[in-house]
$ cat structure-v1.tsv   # TSV, C-alpha atoms and all ligand atoms
chain	number	residue	atom	x	y	z
A	7	MET	CA	-24.47	3.83	-0.33
A	8	ILE	CA	-20.69	3.94	-0.06
A	9	SER	CA	-19.57	4.18	3.51
A	10	SER	CA	-18.47	7.78	4.07
A	11	ASP	CA	-16.06	6.23	6.51
A	12	LEU	CA	-13.97	4.91	3.60
A	13	ILE	CA	-13.97	7.84	1.20
A	14	LEU	CA	-13.74	11.40	2.44
A	15	ASP	CA	-16.09	14.10	1.15
A	16	SER	CA	-13.11	16.47	0.85
A	17	ASP	CA	-11.31	14.02	-1.47
A	18	LEU	CA	-14.47	13.56	-3.53
A	19	ASP	CA	-14.81	17.35	-3.77
A	20	ASP	CA	-11.25	17.53	-5.14
A	21	ILE	CA	-11.94	14.75	-7.65
A	22	ILE	CA	-15.22	16.18	-8.93
A	23	GLY	CA	-13.57	19.63	-9.19
A	24	GLY	CA	-10.78	18.15	-11.33
A	25	LEU	CA	-12.99	16.50	-13.95
A	26	PRO	CA	-13.18	17.89	-17.48
A	27	ARG	CA	-16.42	19.16	-19.04
A	28	GLU	CA	-16.73	15.84	-20.94
A	29	VAL	CA	-18.05	14.44	-17.66
A	30	GLU	CA	-21.53	15.46	-18.81
A	31	SER	CA	-21.36	12.73	-21.46
A	32	LEU	CA	-21.86	10.19	-18.67
A	33	ALA	CA	-25.52	11.16	-18.31
A	34	GLY	CA	-27.78	8.13	-18.78
A	35	LYS	CA	-24.83	5.82	-19.56
A	36	ARG	CA	-24.31	2.27	-18.26
A	37	ILE	CA	-21.01	1.31	-16.68
A	38	LEU	CA	-19.68	-2.10	-15.61
A	39	ILE	CA	-16.96	-1.98	-12.94
A	40	ALA	CA	-15.12	-5.28	-12.42
A	41	GLY	CA	-13.23	-5.33	-9.13
A	42	GLY	CA	-15.69	-2.75	-7.88
A	43	ALA	CA	-15.24	-3.73	-4.23
A	44	GLY	CA	-11.52	-2.96	-4.33
A	45	PHE	CA	-9.70	0.19	-3.30
A	46	LEU	CA	-9.96	1.92	-6.69
A	47	GLY	CA	-13.31	0.35	-7.64
A	48	ARG	CA	-14.97	1.88	-4.58
A	49	TYR	CA	-13.69	5.33	-5.61
A	50	PHE	CA	-15.23	4.92	-9.07
A	51	LEU	CA	-18.50	3.98	-7.41
A	52	ALA	CA	-18.38	7.00	-5.09
A	53	ILE	CA	-17.55	9.34	-7.99
A	54	PHE	CA	-20.40	8.08	-10.19
A	55	LYS	CA	-22.80	8.29	-7.25
A	56	ARG	CA	-21.80	11.90	-6.53
A	57	LEU	CA	-22.10	12.76	-10.23
A	58	ASN	CA	-25.58	11.20	-10.29
A	59	GLU	CA	-26.62	13.25	-7.27
A	60	GLU	CA	-25.14	16.59	-8.27
A	61	VAL	CA	-23.97	16.88	-11.86
A	62	LEU	CA	-25.57	14.65	-14.45
A	63	ALA	CA	-28.80	15.53	-16.23
A	64	SER	CA	-29.83	11.88	-15.92
A	65	PRO	CA	-28.08	9.30	-13.72
A	66	CYS	CA	-25.67	6.70	-15.03
A	67	LYS	CA	-26.41	3.07	-14.11
A	68	LEU	CA	-23.76	0.95	-12.47
A	69	SER	CA	-23.07	-2.78	-12.42
A	70	ILE	CA	-20.47	-3.51	-9.76
A	71	LEU	CA	-18.91	-6.94	-9.98
A	72	ASP	CA	-16.40	-8.61	-7.64
A	73	ASN	CA	-15.53	-12.09	-6.37
A	74	PHE	CA	-14.58	-10.60	-2.98
A	75	ARG	CA	-11.26	-12.47	-3.07
A	76	VAL	CA	-9.35	-9.64	-1.38
A	77	ALA	CA	-12.18	-7.26	-0.48
A	78	ASP	CA	-15.16	-7.56	1.81
A	79	LYS	CA	-18.66	-7.14	0.40
A	80	ALA	CA	-19.51	-4.94	3.38
A	81	LEU	CA	-17.00	-2.34	2.14
A	82	VAL	CA	-19.24	-1.59	-0.82
A	83	GLY	CA	-22.49	-1.27	1.06
A	84	ASP	CA	-25.83	-0.70	-0.60
A	85	ILE	CA	-25.75	0.70	-4.14
A	86	GLY	CA	-29.44	1.43	-3.95
A	87	GLU	CA	-31.13	3.04	-6.93
A	88	TRP	CA	-27.92	3.50	-8.93
A	89	GLY	CA	-27.45	-0.11	-9.97
A	90	GLU	CA	-26.51	-3.61	-8.89
A	91	LEU	CA	-23.78	-5.40	-6.95
A	92	LEU	CA	-22.92	-8.80	-8.44
A	93	HIS	CA	-20.90	-11.55	-6.78
A	94	ALA	CA	-19.06	-13.07	-9.74
A	95	ASP	CA	-15.60	-14.19	-10.80
A	96	ILE	CA	-14.68	-12.63	-14.14
A	97	CYS	CA	-12.65	-15.72	-15.05
A	98	ARG	CA	-15.49	-18.23	-14.93
A	99	ASP	CA	-18.91	-16.87	-14.01
A	100	GLU	CA	-21.48	-15.57	-16.43
A	101	LEU	CA	-20.93	-11.87	-17.06
A	102	PRO	CA	-23.80	-9.39	-17.29
A	103	GLU	CA	-24.80	-8.74	-20.89
A	104	GLY	CA	-25.34	-5.05	-20.75
A	105	PRO	CA	-25.95	-2.91	-22.69
A	106	PHE	CA	-22.86	-1.07	-21.45
A	107	ASP	CA	-21.14	2.10	-22.59
A	108	TRP	CA	-17.99	1.50	-20.53
A	109	VAL	CA	-16.39	-1.60	-19.04
A	110	ILE	CA	-13.82	-0.74	-16.36
A	111	HIS	CA	-11.53	-3.67	-15.56
A	112	ALA	CA	-10.15	-2.91	-12.10
A	113	ALA	CA	-10.26	-6.54	-10.93
A	114	GLY	CA	-6.94	-7.96	-9.93
A	115	ILE	CA	-4.74	-9.13	-7.13
A	116	ALA	CA	-2.69	-6.01	-6.61
A	117	SER	CA	-0.81	-6.39	-3.36
A	118	PRO	CA	2.50	-8.32	-3.45
A	119	TYR	CA	1.41	-10.08	-0.24
A	120	TYR	CA	-1.67	-11.49	-1.99
A	121	TYR	CA	-0.08	-12.32	-5.31
A	122	ARG	CA	2.58	-14.27	-3.46
A	123	ALA	CA	-0.29	-16.24	-1.85
A	124	TYR	CA	-2.48	-16.58	-4.98
A	125	PRO	CA	-0.17	-16.78	-8.03
A	126	LEU	CA	-2.52	-18.69	-10.34
A	127	GLU	CA	-5.51	-16.47	-9.54
A	128	THR	CA	-3.30	-13.40	-10.10
A	129	LEU	CA	-2.26	-14.63	-13.55
A	130	GLU	CA	-5.76	-15.75	-14.48
A	131	VAL	CA	-7.60	-12.54	-13.58
A	132	ALA	CA	-5.21	-10.51	-15.74
A	133	THR	CA	-5.35	-12.89	-18.73
A	134	VAL	CA	-8.51	-15.02	-18.88
A	135	GLY	CA	-10.47	-12.35	-17.01
A	136	THR	CA	-9.30	-9.60	-19.34
A	137	GLU	CA	-10.19	-11.58	-22.46
A	138	ARG	CA	-13.67	-12.38	-21.11
A	139	LEU	CA	-14.34	-8.76	-20.18
A	140	LEU	CA	-13.07	-7.59	-23.58
A	141	ARG	CA	-15.50	-9.96	-25.28
A	142	ALA	CA	-18.30	-8.50	-23.14
A	143	ALA	CA	-17.21	-4.97	-24.14
A	144	GLN	CA	-17.04	-5.96	-27.81
A	145	ALA	CA	-20.54	-7.49	-27.69
A	146	ALA	CA	-21.91	-4.34	-26.05
A	147	SER	CA	-19.91	-1.89	-28.26
A	148	ALA	CA	-18.56	-0.47	-25.00
A	149	ARG	CA	-15.32	1.38	-24.34
A	150	PHE	CA	-12.85	-0.67	-22.30
A	151	ILE	CA	-10.56	0.60	-19.54
A	152	TYR	CA	-7.89	-1.85	-18.41
A	153	PHE	CA	-6.02	-1.41	-15.14
A	154	SER	CA	-2.56	-2.67	-15.94
A	155	SER	CA	0.37	-1.66	-13.73
A	156	SER	CA	3.68	0.17	-13.65
A	157	GLU	CA	5.05	-3.29	-12.81
A	158	ILE	CA	4.94	-4.16	-16.52
A	159	TYR	CA	8.18	-2.12	-16.77
A	160	GLY	CA	9.91	-4.56	-14.37
A	161	ASP	CA	13.29	-3.29	-13.21
A	162	PRO	CA	13.88	-0.49	-15.73
A	163	ASP	CA	17.27	0.45	-17.12
A	164	PRO	CA	18.20	3.70	-15.25
A	165	ALA	CA	18.41	5.42	-18.65
A	166	HIS	CA	14.63	4.89	-18.88
A	167	VAL	CA	13.71	6.40	-15.49
A	168	PRO	CA	11.41	8.39	-15.47
A	169	THR	CA	9.75	5.74	-17.62
A	170	LYS	CA	7.73	6.52	-20.73
A	171	GLU	CA	4.88	4.38	-22.04
A	172	SER	CA	7.09	3.38	-24.98
A	173	TYR	CA	9.65	1.63	-22.74
A	174	ARG	CA	9.31	-2.11	-23.27
A	175	GLY	CA	10.32	-3.25	-19.82
A	176	ASN	CA	12.87	-5.47	-18.16
A	177	VAL	CA	10.74	-8.24	-16.76
A	178	SER	CA	11.32	-11.90	-15.96
A	179	THR	CA	8.96	-14.66	-17.02
A	180	LEU	CA	10.14	-16.59	-13.97
A	181	GLY	CA	10.10	-15.86	-10.26
A	182	PRO	CA	7.60	-14.84	-7.60
A	183	ARG	CA	6.62	-11.55	-9.30
A	184	ALA	CA	6.06	-13.03	-12.76
A	185	CYS	CA	2.41	-13.97	-12.09
A	186	TYR	CA	1.58	-10.28	-11.63
A	187	ASP	CA	3.99	-8.60	-14.06
A	188	GLU	CA	3.61	-11.08	-16.91
A	189	GLY	CA	-0.14	-11.40	-16.32
A	190	LYS	CA	-0.55	-7.64	-16.70
A	191	ARG	CA	1.59	-7.69	-19.85
A	192	VAL	CA	-0.57	-10.39	-21.45
A	193	GLY	CA	-3.69	-8.43	-20.41
A	194	GLU	CA	-2.27	-5.46	-22.33
A	195	THR	CA	-1.73	-7.67	-25.38
A	196	TYR	CA	-5.39	-8.69	-25.26
A	197	CYS	CA	-6.32	-5.00	-25.26
A	198	TYR	CA	-4.06	-4.39	-28.24
A	199	ILE	CA	-5.65	-7.27	-30.20
A	200	PHE	CA	-9.22	-6.28	-29.41
A	201	HIS	CA	-8.49	-2.70	-30.41
A	202	ASP	CA	-6.42	-3.37	-33.50
A	203	TYR	CA	-8.24	-6.38	-34.91
A	204	PHE	CA	-11.78	-5.93	-33.62
A	205	GLY	CA	-12.11	-2.17	-33.29
A	206	VAL	CA	-12.88	-2.02	-29.55
A	207	HIS	CA	-12.09	1.39	-28.02
A	208	THR	CA	-9.57	0.28	-25.40
A	209	ASN	CA	-7.42	2.30	-23.04
A	210	ILE	CA	-4.72	0.87	-20.81
A	211	ILE	CA	-3.88	2.61	-17.54
A	212	ARG	CA	-0.56	1.95	-15.80
A	213	PRO	CA	-0.98	3.29	-12.24
A	214	PHE	CA	2.14	4.07	-10.21
A	215	ASN	CA	1.55	3.35	-6.48
A	216	VAL	CA	-1.75	4.98	-5.67
A	217	TYR	CA	-2.57	5.40	-1.97
A	218	GLY	CA	-5.01	7.15	0.31
A	219	PRO	CA	-8.07	6.82	2.56
A	220	GLY	CA	-9.93	3.57	1.98
A	221	MET	CA	-6.84	1.34	1.89
A	222	GLN	CA	-7.44	-1.49	4.29
A	223	ARG	CA	-5.00	-2.42	7.06
A	224	SER	CA	-5.01	-5.94	5.57
A	225	ASP	CA	-3.87	-4.61	2.15
A	226	TYR	CA	-0.15	-5.02	3.01
A	227	ARG	CA	1.14	-2.49	0.46
A	228	VAL	CA	3.80	-0.16	1.94
A	229	MET	CA	1.53	2.82	2.72
A	230	PRO	CA	-1.06	0.88	4.80
A	231	ASN	CA	1.76	-1.22	6.29
A	232	PHE	CA	3.52	1.92	7.62
A	233	ALA	CA	0.23	3.41	8.83
A	234	ALA	CA	-0.69	0.15	10.59
A	235	GLN	CA	2.72	0.07	12.30
A	236	ILE	CA	2.21	3.64	13.57
A	237	ALA	CA	-1.30	2.72	14.75
A	238	ALA	CA	0.11	-0.26	16.65
A	239	ASP	CA	2.98	1.84	18.12
A	240	LYS	CA	5.54	-0.34	16.35
A	241	PRO	CA	8.59	0.72	14.31
A	242	LEU	CA	8.19	1.15	10.55
A	243	MET	CA	9.69	-2.00	9.07
A	244	ILE	CA	11.82	-1.24	5.99
A	245	TYR	CA	12.62	-4.27	3.86
A	246	GLY	CA	16.21	-4.73	2.65
A	247	ASP	CA	18.46	-1.67	2.73
A	248	GLY	CA	15.57	0.72	2.06
A	249	ARG	CA	17.25	2.24	-1.02
A	250	GLN	CA	14.67	0.96	-3.53
A	251	THR	CA	12.68	3.92	-4.87
A	252	ARG	CA	9.05	4.54	-5.76
A	253	THR	CA	6.78	7.48	-6.49
A	254	PHE	CA	3.40	7.75	-4.79
A	255	CYS	CA	0.24	9.31	-6.15
A	256	PHE	CA	-2.49	10.42	-3.75
A	257	VAL	CA	-5.78	8.77	-4.68
A	258	ALA	CA	-7.68	12.02	-5.36
A	259	ASP	CA	-5.09	12.99	-8.00
A	260	ALA	CA	-5.00	9.48	-9.46
A	261	MET	CA	-8.79	9.21	-9.76
A	262	ILE	CA	-8.86	12.47	-11.74
A	263	GLY	CA	-6.30	10.90	-14.08
A	264	PHE	CA	-8.29	7.67	-14.40
A	265	MET	CA	-11.53	9.58	-15.10
A	266	ARG	CA	-9.72	11.69	-17.70
A	267	VAL	CA	-8.61	8.49	-19.46
A	268	LEU	CA	-12.20	7.22	-19.34
A	269	LEU	CA	-13.61	10.45	-20.78
A	270	LYS	CA	-10.86	11.63	-23.12
A	271	GLY	CA	-8.57	8.64	-23.78
A	272	VAL	CA	-7.48	8.33	-27.40
A	273	PRO	CA	-8.61	4.90	-28.72
A	274	GLY	CA	-5.93	2.23	-28.28
A	275	GLU	CA	-3.66	4.45	-26.16
A	276	THR	CA	-1.85	3.59	-22.93
A	277	TYR	CA	-1.31	6.11	-20.14
A	278	ASN	CA	1.02	6.25	-17.14
A	279	ILE	CA	-0.94	7.72	-14.24
A	280	GLY	CA	1.14	8.67	-11.21
A	281	ASN	CA	3.01	11.52	-9.59
A	282	PRO	CA	6.66	11.70	-10.70
A	283	ASN	CA	7.66	14.01	-7.85
A	284	PRO	CA	9.31	13.08	-5.62
A	285	GLU	CA	10.91	9.73	-6.41
A	286	VAL	CA	11.78	8.53	-2.90
A	287	SER	CA	13.60	5.59	-1.39
A	288	MET	CA	11.77	3.61	1.28
A	289	ASN	CA	14.08	5.25	3.84
A	290	GLU	CA	12.95	8.68	2.57
A	291	LEU	CA	9.32	7.56	2.62
A	292	ALA	CA	9.76	6.61	6.29
A	293	ASP	CA	11.22	10.13	6.85
A	294	ALA	CA	8.04	11.62	5.35
A	295	PHE	CA	5.92	9.57	7.77
A	296	GLU	CA	8.13	10.78	10.60
A	297	ARG	CA	7.66	14.43	9.53
A	298	VAL	CA	3.87	14.34	9.43
A	299	SER	CA	2.88	11.66	11.94
A	300	PRO	CA	1.00	12.99	14.98
A	301	VAL	CA	2.88	10.49	17.15
A	302	PRO	CA	6.62	9.69	17.33
A	303	VAL	CA	7.84	7.27	14.65
A	304	ARG	CA	10.70	4.76	14.86
A	305	THR	CA	12.14	2.85	11.90
A	306	GLN	CA	13.90	-0.49	11.61
A	307	THR	CA	15.38	-2.28	8.61
A	308	THR	CA	14.64	-5.97	8.28
A	309	GLU	CA	15.11	-8.91	5.93
A	310	TYR	CA	12.39	-9.36	3.33
A	311	PRO	CA	9.70	-11.57	4.90
A	312	ASP	CA	8.79	-14.86	3.18
A	313	SER	CA	5.35	-13.43	2.44
A	314	TYR	CA	6.93	-10.76	0.19
A	315	PRO	CA	7.98	-11.67	-3.37
A	316	ALA	CA	11.73	-11.29	-3.93
A	317	ASP	CA	13.39	-9.42	-6.84
A	318	GLU	CA	11.58	-6.16	-6.32
A	319	PRO	CA	12.49	-3.44	-8.84
A	320	MET	CA	15.06	-0.89	-7.64
A	321	ARG	CA	13.41	2.17	-9.21
A	322	ARG	CA	9.95	3.20	-10.30
A	323	CYS	CA	9.06	6.69	-11.56
A	324	PRO	CA	6.62	7.63	-14.32
A	325	ASP	CA	7.02	10.01	-17.22
A	326	ILE	CA	3.48	11.44	-17.39
A	327	ARG	CA	3.89	13.89	-20.26
A	328	LYS	CA	1.55	11.92	-22.51
A	329	ALA	CA	-1.29	12.09	-19.97
A	330	GLU	CA	-0.51	15.80	-19.42
A	331	LEU	CA	-0.64	16.61	-23.13
A	332	GLN	CA	-3.53	14.41	-24.25
A	333	LEU	CA	-5.70	14.47	-21.12
A	334	GLY	CA	-4.67	17.58	-19.16
A	335	PHE	CA	-3.64	15.38	-16.20
A	336	GLU	CA	-1.64	17.20	-13.56
A	337	PRO	CA	-1.19	15.73	-10.04
A	338	LYS	CA	-1.29	18.41	-7.36
A	339	ILE	CA	-0.93	16.73	-3.97
A	340	GLY	CA	2.65	16.39	-2.73
A	341	LEU	CA	4.01	13.52	-0.65
A	342	ASP	CA	3.88	15.14	2.79
A	343	GLU	CA	0.37	16.46	2.25
A	344	GLY	CA	-0.84	13.12	0.90
A	345	VAL	CA	0.74	11.09	3.72
A	346	ASN	CA	-0.75	13.53	6.21
A	347	ARG	CA	-4.23	13.17	4.67
A	348	PHE	CA	-3.86	9.39	4.63
A	349	LEU	CA	-2.62	9.11	8.22
A	350	THR	CA	-5.37	11.42	9.51
A	351	TRP	CA	-7.84	8.91	8.07
A	352	ALA	CA	-5.94	5.67	8.74
A	353	ILE	CA	-4.54	5.91	12.27
A	354	PRO	CA	-7.86	6.17	14.19
A	355	ARG	CA	-9.48	3.49	12.00
A	356	TYR	CA	-6.62	1.05	12.23
A	357	GLN	CA	-6.36	1.68	16.00
A	358	ALA	CA	-10.10	0.99	16.41
A	359	GLU	CA	-9.66	-2.29	14.53
A	360	LEU	CA	-6.72	-3.26	16.73
A	361	GLY	CA	-8.93	-2.65	19.79
B	401	LIG	N1	-3.74	0.86	-6.39
B	401	LIG	C1	-2.60	0.91	-7.07
B	401	LIG	O1	-1.67	1.63	-6.72
B	401	LIG	C2	-2.41	0.11	-8.34
B	401	LIG	C3	-1.17	0.16	-8.97
B	401	LIG	C4	-0.99	-0.59	-10.14
B	401	LIG	C5	-2.01	-1.35	-10.65
B	401	LIG	N2	-3.21	-1.39	-10.01
B	401	LIG	C6	-4.25	-2.26	-10.57
B	401	LIG	O2	-5.51	-1.61	-10.52
B	401	LIG	C7	-6.54	-2.56	-10.21
B	401	LIG	C8	-7.30	-2.08	-8.97
B	401	LIG	O3	-6.37	-1.92	-7.91
B	401	LIG	P1	-6.84	-1.79	-6.38
B	401	LIG	O4	-5.77	-1.05	-5.68
B	401	LIG	O5	-8.24	-1.32	-6.33
B	401	LIG	O6	-6.76	-3.33	-5.94
B	401	LIG	P2	-7.70	-4.10	-4.89
B	401	LIG	O7	-7.01	-5.38	-4.58
B	401	LIG	O8	-8.09	-3.23	-3.77
B	401	LIG	O9	-9.02	-4.41	-5.75
B	401	LIG	C9	-9.10	-5.40	-6.73
B	401	LIG	C10	-10.46	-6.05	-6.64
B	401	LIG	O10	-10.57	-7.08	-7.64
B	401	LIG	C11	-11.28	-8.18	-7.09
B	401	LIG	N3	-10.97	-9.41	-7.84
B	401	LIG	C12	-9.80	-10.11	-7.86
B	401	LIG	N4	-9.92	-11.18	-8.68
B	401	LIG	C13	-11.18	-11.14	-9.21
B	401	LIG	C14	-11.90	-11.97	-10.11
B	401	LIG	N5	-11.33	-13.06	-10.66
B	401	LIG	N6	-13.19	-11.65	-10.44
B	401	LIG	C15	-13.78	-10.56	-9.87
B	401	LIG	N7	-13.13	-9.72	-8.99
B	401	LIG	C16	-11.86	-10.02	-8.67
B	401	LIG	C17	-10.80	-8.23	-5.64
B	401	LIG	O11	-11.68	-8.94	-4.79
B	401	LIG	C18	-10.72	-6.73	-5.29
B	401	LIG	O12	-11.94	-6.27	-4.75
B	401	LIG	C19	-5.84	-3.91	-10.02
B	401	LIG	O13	-5.92	-4.66	-11.20
B	401	LIG	C20	-4.41	-3.53	-9.76
B	401	LIG	O14	-3.51	-4.56	-10.16
B	401	LIG	C21	-3.44	-0.68	-8.86
$ encode --input "structure-v1.tsv" --output "structure tokens"
Amino acid sequence: MISSDLILDSDLDDIIGGLPREVESLAGKRILIAGGAGFLGRYFLAIFKRLNEEVLASPCKLSILDNFRVADKALVGDIGEWGELLHADICRDELPEGPFDWVIHAAGIASPYYYRAYPLETLEVATVGTERLLRAAQAASARFIYFSSSEIYGDPDPAHVPTKESYRGNVSTLGPRACYDEGKRVGETYCYIFHDYFGVHTNIIRPFNVYGPGMQRSDYRVMPNFAAQIAADKPLMIYGDGRQTRTFCFVADAMIGFMRVLLKGVPGETYNIGNPNPEVSMNELADAFERVSPVPVRTQTTEYPDSYPADEPMRRCPDIRKAELQLGFEPKIGLDEGVNRFLTWAIPRYQAELG
């Protein structure tokens, strides 16, 4: 079973409470989750397990697949009667044949720290891996959910912030971020082709900075970085001048959005899933940590480290009206509440790891 240490019952309660009535259609279905050992994959697993235990007339069966490149097998734990955990690389290993009703492609190298270290693997999982999973979905007549990224918008023209799904992006084919950004863009093109030419029911999700309990200290995205610095009694390290902005979506809100795409997504459609309020600079994010942290917080600006890919976008904020209108998606958890919920989980765990 999923370690309750990683996903909080209270967050799962919120997620299950936010699902539409279509959730009942999952009864008896078979679902493949690629990248199932990752941060978001583990939430899907926990949600389906809770639905099996409490909601569905008959359980859904799960095939969880991961190459454990950036996640530890132990994080997933025993799936028990609900399905199987497969150690496989979606780019080269044999994929399970199904039958499947849904294929969720949440495999990827998501943290800038890791895609700086593994550029070819980052590109390959989003391109070769996506095509191979789409072929598996096509063969099984399954619906396909692709985890793309808000990074496909690159550094948007300020006139297009908040950014709609129709914005085409301002992205470079070259540079240390291209393996991630361009890989995700090609992955989206595969989805378009398989939907338009071959009739596969695809949906693309573009998440905007999802965070919350379960993020590992070794993830190196900004939220776990700040939490790890508090746990180690070190100053929050802000890269550059700290004026670059992002929006952050608490994981319980985001998972409701992802599940709504899975259950109600219009075939072929793409959805921004995030929380547009507030759009904050990294300096303002550090202020939020300072407001809610149980211990005093110091901040320090620093040069970008070599491990971090240069050319980061200056602004990132979603327009989520499409997901609101078509799916009824409405994030509810504000920044201070979310950071508070995350720190309450993260600080004792990260401190225990630090010894
Ligand atoms: N969490 C976010 O805020 C966010 C934002 C934008 C996009 N996304 C995308 O959503 C997906 C899930 O994100 P996450 O936060 O759970 O990331 P994560 O890094 O925690 O999980 C990704 C998982 O994919 C696995 N993986 C990588 N390459 C693989 C391969 N070739 N074959 C099989 N498994 C492989 C990794 O081992 C890991 O367990 C990723 O594709 C990511 O790019 C996430």
$ residues_near_ligand --input "structure-v1.tsv" --ligand "ligand LIG 401 (chain B)" --cutoff "6 Å" --atoms "all atoms listed in the file" --output "ChimeraX atom specification"
/A:40-41,43-47,72-77,94-97,112-116,131,153-156,213-216
$ residues_around --input "structure-v1.tsv" --residues "Gly334 of chain A" --least-positions-apart "3" --cutoff "10 Å" --atoms "all atoms listed in the file" --output "NGL selection string"
:A and (24-26 or 262-263 or 266-267 or 270 or 327-331 or 337)
$ residues_around --input "structure-v1.tsv" --residues "Ile13 of chain A" --least-positions-apart "6" --cutoff "8 Å" --atoms "all atoms listed in the file" --output "PyMOL selection string"
chain A and resi 49+52+219-220
$ atom_distance --input "structure-v1.tsv" --atom1 "atom CA of Val29 of chain A" --atom2 "atom CA of Ala132 of chain A"
28.1 Å
$ closest_residue --input "structure-v1.tsv" --among "A:His111, A:Arg212, A:Lys55, A:Arg347" --to "Val257 of chain A" --atoms "only C-alpha atoms"
A:Arg347
$ residues_near_point --input "structure-v1.tsv" --point "(-22.9, 14.6, 1.0)" --cutoff "10 Å" --atoms "all atoms listed in the file" --output "number ranges by chain"
A: 10, 14-16, 18-19, 56, 59-60
$ closest_residue --input "structure-v1.tsv" --among "A:Glu30, A:Asp293, A:Glu275, A:Asp78" --to "Leu62 of chain A" --atoms "all atoms listed in the file"
A:Glu30
$ atom_distance --input "structure-v1.tsv" --atom1 "atom CA of Val109 of chain A" --atom2 "atom CA of Ile22 of chain A"
20.5 Å
$ closest_residue --input "structure-v1.tsv" --among "A:His207, A:Arg36, A:Arg183, A:Arg249" --to "Ala123 of chain A" --atoms "only C-alpha atoms"
A:Arg183
$ residues_around --input "structure-v1.tsv" --residues "segment 234-236 of chain A" --least-positions-apart "2" --cutoff "10 Å" --atoms "all atoms listed in the file" --output "mmCIF file with C-alpha atoms, in the coordinates of the input"
data_model
loop_
_atom_site.group_PDB
_atom_site.id
_atom_site.type_symbol
_atom_site.label_atom_id
_atom_site.label_comp_id
_atom_site.auth_asym_id
_atom_site.auth_seq_id
_atom_site.Cartn_x
_atom_site.Cartn_y
_atom_site.Cartn_z
ATOM 1 C CA GLN A 222 -7.440 -1.490 4.290
ATOM 2 C CA ARG A 223 -5.000 -2.420 7.060
ATOM 3 C CA SER A 224 -5.010 -5.940 5.570
ATOM 4 C CA TYR A 226 -0.150 -5.020 3.010
ATOM 5 C CA VAL A 228 3.800 -0.160 1.940
ATOM 6 C CA MET A 229 1.530 2.820 2.720
ATOM 7 C CA PRO A 230 -1.060 0.880 4.800
ATOM 8 C CA ASN A 231 1.760 -1.220 6.290
ATOM 9 C CA PHE A 232 3.520 1.920 7.620
ATOM 10 C CA ALA A 238 0.110 -0.260 16.650
ATOM 11 C CA ASP A 239 2.980 1.840 18.120
ATOM 12 C CA LYS A 240 5.540 -0.340 16.350
ATOM 13 C CA PRO A 241 8.590 0.720 14.310
ATOM 14 C CA LEU A 242 8.190 1.150 10.550
ATOM 15 C CA MET A 243 9.690 -2.000 9.070
ATOM 16 C CA PHE A 295 5.920 9.570 7.770
ATOM 17 C CA GLU A 296 8.130 10.780 10.600
ATOM 18 C CA SER A 299 2.880 11.660 11.940
ATOM 19 C CA PRO A 300 1.000 12.990 14.980
ATOM 20 C CA VAL A 301 2.880 10.490 17.150
ATOM 21 C CA PRO A 302 6.620 9.690 17.330
ATOM 22 C CA VAL A 303 7.840 7.270 14.650
ATOM 23 C CA ARG A 304 10.700 4.760 14.860
ATOM 24 C CA THR A 305 12.140 2.850 11.900
ATOM 25 C CA LEU A 349 -2.620 9.110 8.220
ATOM 26 C CA ALA A 352 -5.940 5.670 8.740
ATOM 27 C CA ILE A 353 -4.540 5.910 12.270
ATOM 28 C CA ARG A 355 -9.480 3.490 12.000
ATOM 29 C CA TYR A 356 -6.620 1.050 12.230
ATOM 30 C CA GLN A 357 -6.360 1.680 16.000
ATOM 31 C CA LEU A 360 -6.720 -3.260 16.730
#
$ closest_residue --input "structure-v1.tsv" --among "A:Asp317, A:Asp325, A:Glu103, A:Glu87" --to "Ala148 of chain A" --atoms "all atoms listed in the file"
A:Glu103
$ atom_distance --input "structure-v1.tsv" --atom1 "atom CA of Ile244 of chain A" --atom2 "atom CA of Thr307 of chain A"
4.5 Å
$ residues_around --input "structure-v1.tsv" --residues "Gly34 of chain A" --least-positions-apart "4" --cutoff "6 Å" --atoms "only C-alpha atoms" --output "list in words"
Ser64, Pro65 and Cys66 of chain A
$ closest_residue --input "structure-v1.tsv" --among "A:Gln144, A:Asn278, A:Thr133, A:Thr251" --to "Tyr173 of chain A" --atoms "only C-alpha atoms"
A:Asn278
$ residues_around --input "structure-v1.tsv" --residues "Leu51 of chain A" --least-positions-apart "2" --cutoff "10 Å" --atoms "all atoms listed in the file" --output "ChimeraX atom specification"
/A:7-8,37,39,42-43,46-49,53-57,68-70,82,85,88
$ closest_residue --input "structure-v1.tsv" --among "A:Asp99, A:Leu38, A:Val192, A:Val298" --to "Thr350 of chain A" --atoms "all atoms listed in the file"
A:Val298
$ decode --input "structure-v1.tsv" --residues "segment 193-208 of chain A" --atoms "C-alpha atoms" --output "mmCIF file, in the first residue's frame"
data_model
loop_
_atom_site.group_PDB
_atom_site.id
_atom_site.type_symbol
_atom_site.label_atom_id
_atom_site.label_comp_id
_atom_site.auth_asym_id
_atom_site.auth_seq_id
_atom_site.Cartn_x
_atom_site.Cartn_y
_atom_site.Cartn_z
ATOM 1 C CA GLY A 193 5.166 14.850 -27.169
ATOM 2 C CA GLU A 194 2.129 17.087 -27.682
ATOM 3 C CA THR A 195 2.506 16.764 -31.453
ATOM 4 C CA TYR A 196 2.436 12.977 -31.108
ATOM 5 C CA CYS A 197 -0.826 13.315 -29.166
ATOM 6 C CA TYR A 198 -2.260 15.538 -31.884
ATOM 7 C CA ILE A 199 -1.334 13.017 -34.613
ATOM 8 C CA PHE A 200 -2.677 10.006 -32.756
ATOM 9 C CA HIS A 201 -5.924 11.836 -32.054
ATOM 10 C CA ASP A 202 -6.417 13.456 -35.432
ATOM 11 C CA TYR A 203 -5.171 10.699 -37.715
ATOM 12 C CA PHE A 204 -5.809 7.550 -35.690
ATOM 13 C CA GLY A 205 -8.795 8.483 -33.549
ATOM 14 C CA VAL A 206 -7.198 7.950 -30.126
ATOM 15 C CA HIS A 207 -8.979 9.869 -27.351
ATOM 16 C CA THR A 208 -6.060 11.980 -26.134
#
